[in-house]
Amino acid sequence: MQVIARPISRDELPADTANLARFLIGKLVLRALPDALAVARIVETEAYLADDAACHAFRGPTPRNRAMFGPPGHAYVYRAYGVCWMLNVTNAAVGVGEAVLIRAAEPLSGLDAMQRHRGDVPTRDLLRGPGRLAGALAIDRSHDGADLCARGALWLGADGGASGIIGSGDIGTSTRIGITRDAHLPLRFYLKGSRFLSGPAALNGQGKPRSGSGHSAPVMFDGDVKGKGRAHDRKADRENPLDR
DNA sequence: ACATAGATTCTCT
DNA sequence: GAGAATCTATGTG
């Protein structure tokens, strides 16, 4: 599959970290592997803020979280539960520790390479969950601090088409997954109707399955990136996406 | 120095 | 649904 992507420049990133988490829904994460360029569309993110007790930076800088205190648009990669790697996008001014966790994505290109890292799992599960995502893209400690705003081993991209037609109405909000402190904050964002979301259905906007259809909403933006493009190129709908 | 909790996932049962 | 695997930072002795 052909995917046309351009890097996202640092000054495009919303300064507010919750807004950045929304902004990244529909954007691309690209990973240059030895044998392939892996591309995936981000469908689920969480924001972690400086005054948020669930944020690793809450108690100040440590060797592990130091990347979060650097400039925006870099990777903060850490090991969770001694098992999985987590990919975050740093944000906020230098000296302020905030970041957006990339929780799930829809695989678009380089699926063979991702399968090689993850074993023989269904395509739907390749990148569904932050640890799986890092595994499929072979992300580890070596990427901690990497610049995500330029083509390299790991970077963020936008394609002219599909990501541009995601409006604020297509993005759901919920509480974050797997945390205990400040767990009530609505800082998780997801692409409504995507099949590639992690977490319980109740957090993904699916009420309890009702009588009747009970079937998944139409999947948006899966399949070929090219040819879905251009509805409107307006980037105006990203102003003030957060309604609070 | 040691114990513990945690932004998780896989493998059983 | 429960347990294991296993790294990092923090709080306590």
# chains A, B, ... in the order shown; residues from 1 in each chain; ligands from 1
>>> closest_atom_pairs(of="chain A", to="chain C", cutoff="8 Å", atoms="only C-alpha atoms (C1' of nucleotides)", output="CSV")
residue,atom,partner,partner_atom,distance
A:Arg64,CA,C:DT8,C1',7.5
A:Arg79,CA,C:DC7,C1',6.3
A:Ala80,CA,C:DC7,C1',7.1
A:Tyr81,CA,C:DC7,C1',6.5
A:Gly82,CA,C:DC7,C1',3.8
A:Val83,CA,C:DT6,C1',6.1
>>> interface_residues(of="chain B", to="chain A", cutoff="12 Å", atoms="only C-alpha atoms (C1' of nucleotides)", output="list in words")
DA5, DG6, DA7, DT8, DT9 and DC10 of chain B
>>> select_by_dssp(residues="chain A", states="alpha helix (DSSP H)", output="JSON, numbers by chain")
{"A": [17, 18, 19, 20, 21, 22, 23, 24, 111, 112, 113, 114, 115, 116, 117, 118, 130, 131, 132, 133, 134, 135, 136]}
>>> select_by_dssp(residues="stretch 126-216 of chain A", states="strand (DSSP E or B)", output="PyMOL selection string")
chain A and resi 128+147+154-158+171-174+188-191
>>> write_last_selection(atoms="all heavy atoms", output="tab-separated table (two decimals), in the first residue's frame")
chain	number	residue	atom	x	y	z
A	128	ARG	N	-3.13	-2.65	19.05
A	128	ARG	CA	-4.26	-2.32	19.92
A	128	ARG	C	-3.81	-2.43	21.37
A	128	ARG	O	-3.86	-3.49	21.97
A	128	ARG	CB	-5.42	-3.26	19.64
A	128	ARG	CG	-6.74	-2.81	20.21
A	128	ARG	CD	-7.90	-3.54	19.53
A	128	ARG	NE	-7.84	-4.98	19.71
A	128	ARG	CZ	-8.30	-5.62	20.79
A	128	ARG	NH1	-8.88	-4.93	21.74
A	128	ARG	NH2	-8.20	-6.92	20.88
A	147	ASP	N	13.63	12.74	18.21
A	147	ASP	CA	12.81	13.81	17.63
A	147	ASP	C	11.76	13.19	16.70
A	147	ASP	O	12.10	12.48	15.77
A	147	ASP	CB	13.72	14.76	16.84
A	147	ASP	CG	12.95	15.94	16.27
A	147	ASP	OD1	11.74	16.08	16.57
A	147	ASP	OD2	13.55	16.73	15.53
A	154	LEU	N	11.83	7.08	13.70
A	154	LEU	CA	10.47	7.12	14.24
A	154	LEU	C	9.98	8.56	14.16
A	154	LEU	O	10.63	9.47	14.65
A	154	LEU	CB	10.50	6.64	15.70
A	154	LEU	CG	9.20	6.65	16.48
A	154	LEU	CD1	8.21	5.66	15.90
A	154	LEU	CD2	9.47	6.33	17.95
A	155	TRP	N	8.83	8.75	13.51
A	155	TRP	CA	8.36	10.13	13.39
A	155	TRP	C	6.85	10.16	13.22
A	155	TRP	O	6.20	9.15	12.95
A	155	TRP	CB	9.05	10.86	12.24
A	155	TRP	CG	9.11	10.15	10.92
A	155	TRP	CD1	9.88	9.07	10.61
A	155	TRP	CD2	8.39	10.49	9.72
A	155	TRP	NE1	9.70	8.72	9.30
A	155	TRP	CE2	8.80	9.56	8.73
A	155	TRP	CE3	7.47	11.48	9.39
A	155	TRP	CZ2	8.28	9.60	7.42
A	155	TRP	CZ3	6.96	11.52	8.10
A	155	TRP	CH2	7.37	10.59	7.13
A	156	LEU	N	6.31	11.35	13.42
A	156	LEU	CA	4.87	11.58	13.28
A	156	LEU	C	4.60	12.21	11.93
A	156	LEU	O	5.36	13.06	11.47
A	156	LEU	CB	4.37	12.51	14.38
A	156	LEU	CG	4.49	11.96	15.80
A	156	LEU	CD1	4.19	13.07	16.81
A	156	LEU	CD2	3.54	10.80	15.99
A	157	GLY	N	3.51	11.79	11.30
A	157	GLY	CA	3.20	12.33	9.99
A	157	GLY	C	1.73	12.64	9.83
A	157	GLY	O	0.89	12.25	10.65
A	158	ALA	N	1.45	13.39	8.80
A	158	ALA	CA	0.06	13.67	8.42
A	158	ALA	C	-0.07	13.36	6.94
A	158	ALA	O	0.87	13.59	6.17
A	158	ALA	CB	-0.28	15.13	8.69
A	171	ILE	N	-14.31	12.38	17.37
A	171	ILE	CA	-13.39	12.01	18.44
A	171	ILE	C	-14.14	11.94	19.76
A	171	ILE	O	-14.81	12.89	20.15
A	171	ILE	CB	-12.23	13.03	18.55
A	171	ILE	CG1	-11.44	13.04	17.23
A	171	ILE	CG2	-11.33	12.71	19.72
A	171	ILE	CD1	-10.31	14.04	17.21
A	172	GLY	N	-14.03	10.79	20.42
A	172	GLY	CA	-14.66	10.60	21.72
A	172	GLY	C	-13.68	10.89	22.83
A	172	GLY	O	-12.47	10.90	22.63
A	173	THR	N	-14.23	11.12	24.02
A	173	THR	CA	-13.43	11.42	25.20
A	173	THR	C	-13.83	10.46	26.31
A	173	THR	O	-15.01	10.11	26.44
A	173	THR	CB	-13.70	12.86	25.66
A	173	THR	OG1	-13.47	13.74	24.57
A	173	THR	CG2	-12.79	13.25	26.81
A	174	SER	N	-12.88	10.03	27.10
A	174	SER	CA	-13.20	9.19	28.25
A	174	SER	C	-12.14	9.37	29.33
A	174	SER	O	-11.17	10.10	29.13
A	174	SER	CB	-13.27	7.71	27.84
A	174	SER	OG	-11.97	7.15	27.78
A	188	ARG	N	-8.53	10.89	27.93
A	188	ARG	CA	-8.33	9.87	26.89
A	188	ARG	C	-9.18	10.24	25.67
A	188	ARG	O	-10.33	10.64	25.81
A	188	ARG	CB	-8.72	8.49	27.40
A	188	ARG	CG	-8.66	7.38	26.34
A	188	ARG	CD	-8.95	6.02	26.96
A	188	ARG	NE	-9.04	4.96	25.97
A	188	ARG	CZ	-10.19	4.57	25.41
A	188	ARG	NH1	-11.33	5.14	25.74
A	188	ARG	NH2	-10.18	3.62	24.51
A	189	PHE	N	-8.59	10.09	24.50
A	189	PHE	CA	-9.27	10.47	23.26
A	189	PHE	C	-9.19	9.32	22.27
A	189	PHE	O	-8.19	8.60	22.21
A	189	PHE	CB	-8.64	11.73	22.68
A	189	PHE	CG	-8.64	12.89	23.65
A	189	PHE	CD1	-7.55	13.11	24.47
A	189	PHE	CD2	-9.74	13.71	23.77
A	189	PHE	CE1	-7.55	14.15	25.39
A	189	PHE	CE2	-9.76	14.75	24.69
A	189	PHE	CZ	-8.66	14.97	25.51
A	190	TYR	N	-10.25	9.13	21.50
A	190	TYR	CA	-10.26	7.99	20.57
A	190	TYR	C	-11.10	8.33	19.34
A	190	TYR	O	-11.99	9.18	19.39
A	190	TYR	CB	-10.80	6.74	21.26
A	190	TYR	CG	-12.21	6.90	21.81
A	190	TYR	CD1	-13.32	6.55	21.04
A	190	TYR	CD2	-12.42	7.43	23.08
A	190	TYR	CE1	-14.60	6.70	21.54
A	190	TYR	CE2	-13.70	7.60	23.58
A	190	TYR	CZ	-14.79	7.23	22.80
A	190	TYR	OH	-16.06	7.40	23.29
A	191	LEU	N	-10.78	7.65	18.26
A	191	LEU	CA	-11.53	7.81	17.02
A	191	LEU	C	-12.79	6.96	17.11
A	191	LEU	O	-12.73	5.74	17.17
A	191	LEU	CB	-10.67	7.37	15.83
A	191	LEU	CG	-11.33	7.46	14.46
A	191	LEU	CD1	-11.74	8.89	14.13
A	191	LEU	CD2	-10.41	6.91	13.39
>>> closest_atom_pairs(of="stretch 91-191 of chain A", to="stretch 22-30 of chain A", cutoff="12 Å", atoms="only C-alpha atoms", output="CSV")
residue,atom,partner,partner_atom,distance
A:Ala99,CA,A:Leu24,CA,11.8
A:Val100,CA,A:Leu24,CA,8.9
A:Leu101,CA,A:Leu24,CA,10.2
A:Ile102,CA,A:Leu24,CA,8.7
A:Arg103,CA,A:Ile25,CA,10.5
A:Ala104,CA,A:Ile25,CA,9.8
A:Ala105,CA,A:Val29,CA,8.4
A:Glu106,CA,A:Leu28,CA,9.2
A:Pro107,CA,A:Val29,CA,9.6
A:Leu108,CA,A:Leu28,CA,9.3
A:Ser109,CA,A:Leu30,CA,9.2
A:Gly110,CA,A:Leu30,CA,9.8
A:Met114,CA,A:Leu30,CA,11.9
A:Leu127,CA,A:Val29,CA,11.2
A:Leu133,CA,A:Val29,CA,10.3
A:Ala134,CA,A:Val29,CA,11.0
A:Ala136,CA,A:Leu30,CA,11.7
A:Leu137,CA,A:Leu30,CA,8.7
A:Ala138,CA,A:Leu30,CA,11.5
A:Ile139,CA,A:Leu30,CA,11.2
A:Leu148,CA,A:Val29,CA,9.0
A:Cys149,CA,A:Val29,CA,10.6
A:Ala150,CA,A:Leu30,CA,10.5
A:Arg151,CA,A:Leu30,CA,8.6
A:Gly152,CA,A:Leu30,CA,8.7
A:Ala153,CA,A:Leu30,CA,8.0
A:Leu154,CA,A:Leu30,CA,5.7
A:Trp155,CA,A:Leu30,CA,5.3
A:Leu156,CA,A:Val29,CA,4.7
A:Gly157,CA,A:Leu28,CA,4.8
A:Ala158,CA,A:Lys27,CA,5.2
A:Asp159,CA,A:Lys27,CA,7.5
A:Gly160,CA,A:Lys27,CA,10.1
A:Gly161,CA,A:Gly26,CA,10.1
A:Ala162,CA,A:Gly26,CA,7.4
A:Ser163,CA,A:Gly26,CA,4.6
A:Gly164,CA,A:Gly26,CA,7.9
A:Ile165,CA,A:Gly26,CA,8.9
A:Ile166,CA,A:Gly26,CA,6.9
A:Gly167,CA,A:Gly26,CA,9.8
A:Ser168,CA,A:Arg22,CA,8.4
A:Gly169,CA,A:Arg22,CA,11.3
A:Asp170,CA,A:Ile25,CA,9.6
A:Ile171,CA,A:Arg22,CA,7.5
A:Gly172,CA,A:Arg22,CA,9.2
A:Thr173,CA,A:Arg22,CA,9.0
A:Ser174,CA,A:Arg22,CA,11.8
A:Pro186,CA,A:Arg22,CA,11.7
A:Leu187,CA,A:Arg22,CA,9.2
A:Arg188,CA,A:Arg22,CA,8.6
A:Phe189,CA,A:Arg22,CA,6.1
A:Tyr190,CA,A:Ile25,CA,6.7
A:Leu191,CA,A:Ile25,CA,6.5
